[in-house]
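A quick write-up on the structure given underneath.
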Amino acid sequence: MSSETQKKPGLLGRFCAYYGPYKAHLAGDLLASFMLAACDLAYPLITRRIINETVPAGRARELAGLCAAVFFIYLIKLGFNYVVTYYGHILGVKLQADMRRDAFAHLQKLPFSFFDENKSGALMSRIVNDLQEISELAHHGPEHILVCSVSILGAFGLLCTINIPLTLIIFAFLPVFILIMYKMQKRMQDGFLLAREKTGRINAELANSLSGIRVSKSFDNEKLEIEKFESAVDEYKRARGASYKTMGLFYSWMYYFIDLMYLVVLAAGGVFYFQGRINIGDFTAYLLYIGQLINPVRKLMQFVEMFEDGTAGFRRFCALMDEEPEPDSEGVVEADTLRGDIEFRNVSFTYGSEQKVFNNINLTIKDGEKAALVGPSGAGKTTLCHLLPRFYDIEAGEILIGGRDISSYTRASLRRLIGIVQQEVFLFTGTIAENIAYPRPGASRAEIERAARRARIDGFIETLPEGYDSYVGERGVKLSGGQKQRVAIARVFLMDPQILILDEATSALDNLTEHELQAELDALSEGRTTIVVAHRLSTVRGADDIIVLGEEGVLERGAHEELLKRGGVYRSLYESQFV
């Protein structure tokens, strides 16, 4: 564990750090809350004076003045209530926005392996649902604590000036209240954390089902999807039910505590009045203060629920933020160029902790050549390509380009110089032009159109009413598989990388379009090292070097005609497709 990790502040410190840019905003909100509590404390004192002195003495002018003072206090409360309600919530939204920005930015830095293990819907729940609860805690938490403290301590001090014995009797119930709250806090915390996790599962099931809605409909499996979602909802109901059971006990005891306070004031106050130790005005003031103490007690109850909900969400937020980003070693440099042979020296790699993909594989791809990776599914062709831009880190060995270990370069600079067209194309919600320009957001329209022409998709785009400004829909749903793949190819034409990886780049195209596009891909490959992954061997016959991968590593390599003459694995694969 690094010293930086060891010195990481605790949960409270990390939470309070987000108030840093908004100290003045927080101070204004707390000042307004303090004034609200102070105004509430003044009303019973004025009432006590009216009953004890003003009315018995028949001072009409003084009564009018005191009533005007109460009216003025109410006007002040109106203004401060607006400040607390509006600006307080704005403060919560600002903190929530900062946390969301941090979480999203952190997600961008996490390795592929993290997303292999975590569902997108669950991650969405952390950024959306959890942070919504944190926003409420960020706003109401400090406010509730201040108001409750001022109200309870202020009432205690003022009541002591009226009758100390009766005040001590009433406030003797507070330790009981604190004890009950402490006992139930841990149970509520566990319950709300579990409910948060189940909410994440609901979001994951929802995102997964909606993304695959066309598949479920094509197999008439709507009922199965409903059952899976209902299972997640049932788990959530059970988890939330357990937390609400604890909350129900908590609220029941708190309301019982409030009722007892009224009973004690009535009983003890009545006895004190009979003994001549308290008058009607003081008795009334006590009843009013007890009524006002109900609000801070209720705020404390709300705070406990809000605290547990917000803390559960913030713990999950912190767990996400504590995930280690893709590390760049000390002393790494920006790669300006990636020229030279690509070498895999004794490379070993495992997915997770069990799935071994490579074990001491050795492979060299010559600079400027077009190398094709072929072999059965699961042989590691795509994985080998993913190791080159360091989407995953190898366990042992080294990968070199031009004799230099790629780990000496920053990941970002590697990925800027390595262009990849994958079989599973992802298009972002937006226009065709925006998706083509994704590698270079500042590209001109002329450059975008030139890339589209080279990818042989310009003719289709020009038939659309909005042309390049046509929206592709979520994940490019408005385009066919082949059209999406050509948009992805246009991206790489625009990117103009130094190393090109084509991972089943034309698998979704018809034979005619593939043949037309192949000439452009060959032109793009010219003068740069190109790695082609293909199952259709017709696309790799012109490769300079064909590498046959299997579970044991490299099984064969050579040119197309040479491998056919050997009569080995490649020939068997070729004949299975063409004979």
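Labels used: A, B, ... for chains in the order of the structure tokens, numbers from 1 for residues in each chain, and numbers from 1 for ligands as shown.
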
Inset, instruction - Please provide as a PyMOL selection string all residues within 10 Å of A:Ser407, with the sequence filter that same-chain residues fewer than 2 positions apart are discarded (counting only C-alpha atoms). - result: chain A and resi 328-329+332-333+388-390+393+398-400+404-405+409-411+414

Sort by chain and increasing residue number a table of all residues of stretch 520-573 of chain A within 8 Å of stretch 362-370 of chain A, each with its closest pair of atoms and their distance in Å to one decimal, counting only C-alpha atoms, and write it as a Markdown table.
| residue | atom | partner | partner_atom | distance |
| --- | --- | --- | --- | --- |
| A:Ser525 | CA | A:Lys370 | CA | 7.2 |
| A:Glu526 | CA | A:Gly368 | CA | 7.5 |
| A:Gly527 | CA | A:Gly368 | CA | 5.3 |
| A:Arg528 | CA | A:Gly368 | CA | 4.5 |
| A:Thr529 | CA | A:Gly368 | CA | 4.1 |
| A:Thr530 | CA | A:Lys370 | CA | 4.6 |
| A:Ile531 | CA | A:Lys370 | CA | 6.0 |
| A:Val532 | CA | A:Lys370 | CA | 7.4 |
| A:Ala543 | CA | A:Lys370 | CA | 5.3 |
| A:Asp544 | CA | A:Lys370 | CA | 5.3 |
| A:Asp545 | CA | A:Lys370 | CA | 6.6 |
| A:Val554 | CA | A:Leu363 | CA | 7.6 |

For those residues, write all heavy atoms to a file as a tab-separated table (two decimals), in the first residue's frame.
chain	number	residue	atom	x	y	z
A	525	SER	N	-3.44	0.92	-45.20
A	525	SER	CA	-2.41	0.08	-44.58
A	525	SER	C	-1.02	0.36	-45.15
A	525	SER	O	-0.01	0.04	-44.49
A	525	SER	CB	-2.74	-1.40	-44.80
A	525	SER	OG	-4.02	-1.71	-44.28
A	526	GLU	N	-0.95	0.92	-46.34
A	526	GLU	CA	0.33	1.11	-47.00
A	526	GLU	C	1.26	1.98	-46.17
A	526	GLU	O	0.90	3.06	-45.71
A	526	GLU	CB	0.10	1.78	-48.37
A	526	GLU	CG	1.35	1.89	-49.17
A	526	GLU	CD	1.24	1.15	-50.50
A	526	GLU	OE1	0.16	0.68	-50.87
A	526	GLU	OE2	2.27	1.08	-51.13
A	527	GLY	N	2.47	1.48	-45.93
A	527	GLY	CA	3.48	2.25	-45.23
A	527	GLY	C	3.35	2.23	-43.72
A	527	GLY	O	4.13	2.89	-43.03
A	528	ARG	N	2.39	1.50	-43.19
A	528	ARG	CA	2.25	1.43	-41.73
A	528	ARG	C	2.01	-0.03	-41.33
A	528	ARG	O	1.45	-0.81	-42.09
A	528	ARG	CB	1.12	2.32	-41.24
A	528	ARG	CG	-0.28	1.85	-41.55
A	528	ARG	CD	-1.30	2.90	-41.20
A	528	ARG	NE	-1.47	3.87	-42.27
A	528	ARG	CZ	-1.75	5.15	-42.08
A	528	ARG	NH1	-1.91	5.63	-40.86
A	528	ARG	NH2	-1.88	5.97	-43.10
A	529	THR	N	2.46	-0.37	-40.15
A	529	THR	CA	2.27	-1.73	-39.65
A	529	THR	C	0.78	-1.96	-39.42
A	529	THR	O	0.12	-1.17	-38.75
A	529	THR	CB	3.03	-1.94	-38.33
A	529	THR	OG1	4.40	-1.56	-38.52
A	529	THR	CG2	2.96	-3.39	-37.89
A	530	THR	N	0.27	-3.05	-39.97
A	530	THR	CA	-1.16	-3.34	-39.89
A	530	THR	C	-1.36	-4.76	-39.39
A	530	THR	O	-0.69	-5.70	-39.85
A	530	THR	CB	-1.83	-3.18	-41.26
A	530	THR	OG1	-1.59	-1.86	-41.74
A	530	THR	CG2	-3.33	-3.42	-41.17
A	531	ILE	N	-2.25	-4.90	-38.43
A	531	ILE	CA	-2.62	-6.22	-37.90
A	531	ILE	C	-4.09	-6.46	-38.22
A	531	ILE	O	-4.94	-5.65	-37.86
A	531	ILE	CB	-2.39	-6.30	-36.38
A	531	ILE	CG1	-0.92	-6.02	-36.05
A	531	ILE	CG2	-2.79	-7.67	-35.85
A	531	ILE	CD1	-0.63	-5.95	-34.55
A	532	VAL	N	-4.37	-7.53	-38.92
A	532	VAL	CA	-5.72	-7.86	-39.33
A	532	VAL	C	-6.16	-9.13	-38.62
A	532	VAL	O	-5.47	-10.15	-38.68
A	532	VAL	CB	-5.81	-8.06	-40.86
A	532	VAL	CG1	-7.24	-8.40	-41.26
A	532	VAL	CG2	-5.34	-6.81	-41.59
A	543	ALA	N	-2.09	-10.70	-47.25
A	543	ALA	CA	-1.24	-10.26	-46.13
A	543	ALA	C	0.20	-10.69	-46.35
A	543	ALA	O	0.49	-11.74	-46.94
A	543	ALA	CB	-1.77	-10.83	-44.82
A	544	ASP	N	1.13	-9.87	-45.86
A	544	ASP	CA	2.55	-10.23	-45.96
A	544	ASP	C	2.88	-11.43	-45.08
A	544	ASP	O	3.75	-12.25	-45.43
A	544	ASP	CB	3.42	-9.04	-45.51
A	544	ASP	CG	3.19	-7.81	-46.37
A	544	ASP	OD1	3.33	-7.91	-47.60
A	544	ASP	OD2	2.84	-6.75	-45.80
A	545	ASP	N	2.20	-11.53	-43.95
A	545	ASP	CA	2.49	-12.61	-43.00
A	545	ASP	C	1.18	-13.04	-42.35
A	545	ASP	O	0.45	-12.21	-41.80
A	545	ASP	CB	3.47	-12.10	-41.94
A	545	ASP	CG	4.04	-13.23	-41.09
A	545	ASP	OD1	3.88	-14.41	-41.47
A	545	ASP	OD2	4.64	-12.92	-40.05
A	554	VAL	N	1.63	-19.67	-31.17
A	554	VAL	CA	1.77	-19.57	-32.62
A	554	VAL	C	1.94	-20.98	-33.18
A	554	VAL	O	2.93	-21.66	-32.89
A	554	VAL	CB	2.97	-18.68	-33.00
A	554	VAL	CG1	3.12	-18.64	-34.52
A	554	VAL	CG2	2.80	-17.27	-32.43

Legend entry - Option closest in space to A:Gly419, from A:Ala122, A:Leu500, A:Leu387, A:Ile127 [counting only C-alpha atoms]: A:Leu500

Legend entry - Which of stretch 456-540 of chain A fall in strand (DSSP E or B), as a ChimeraX atom specification: /A:471,499-503,529-533
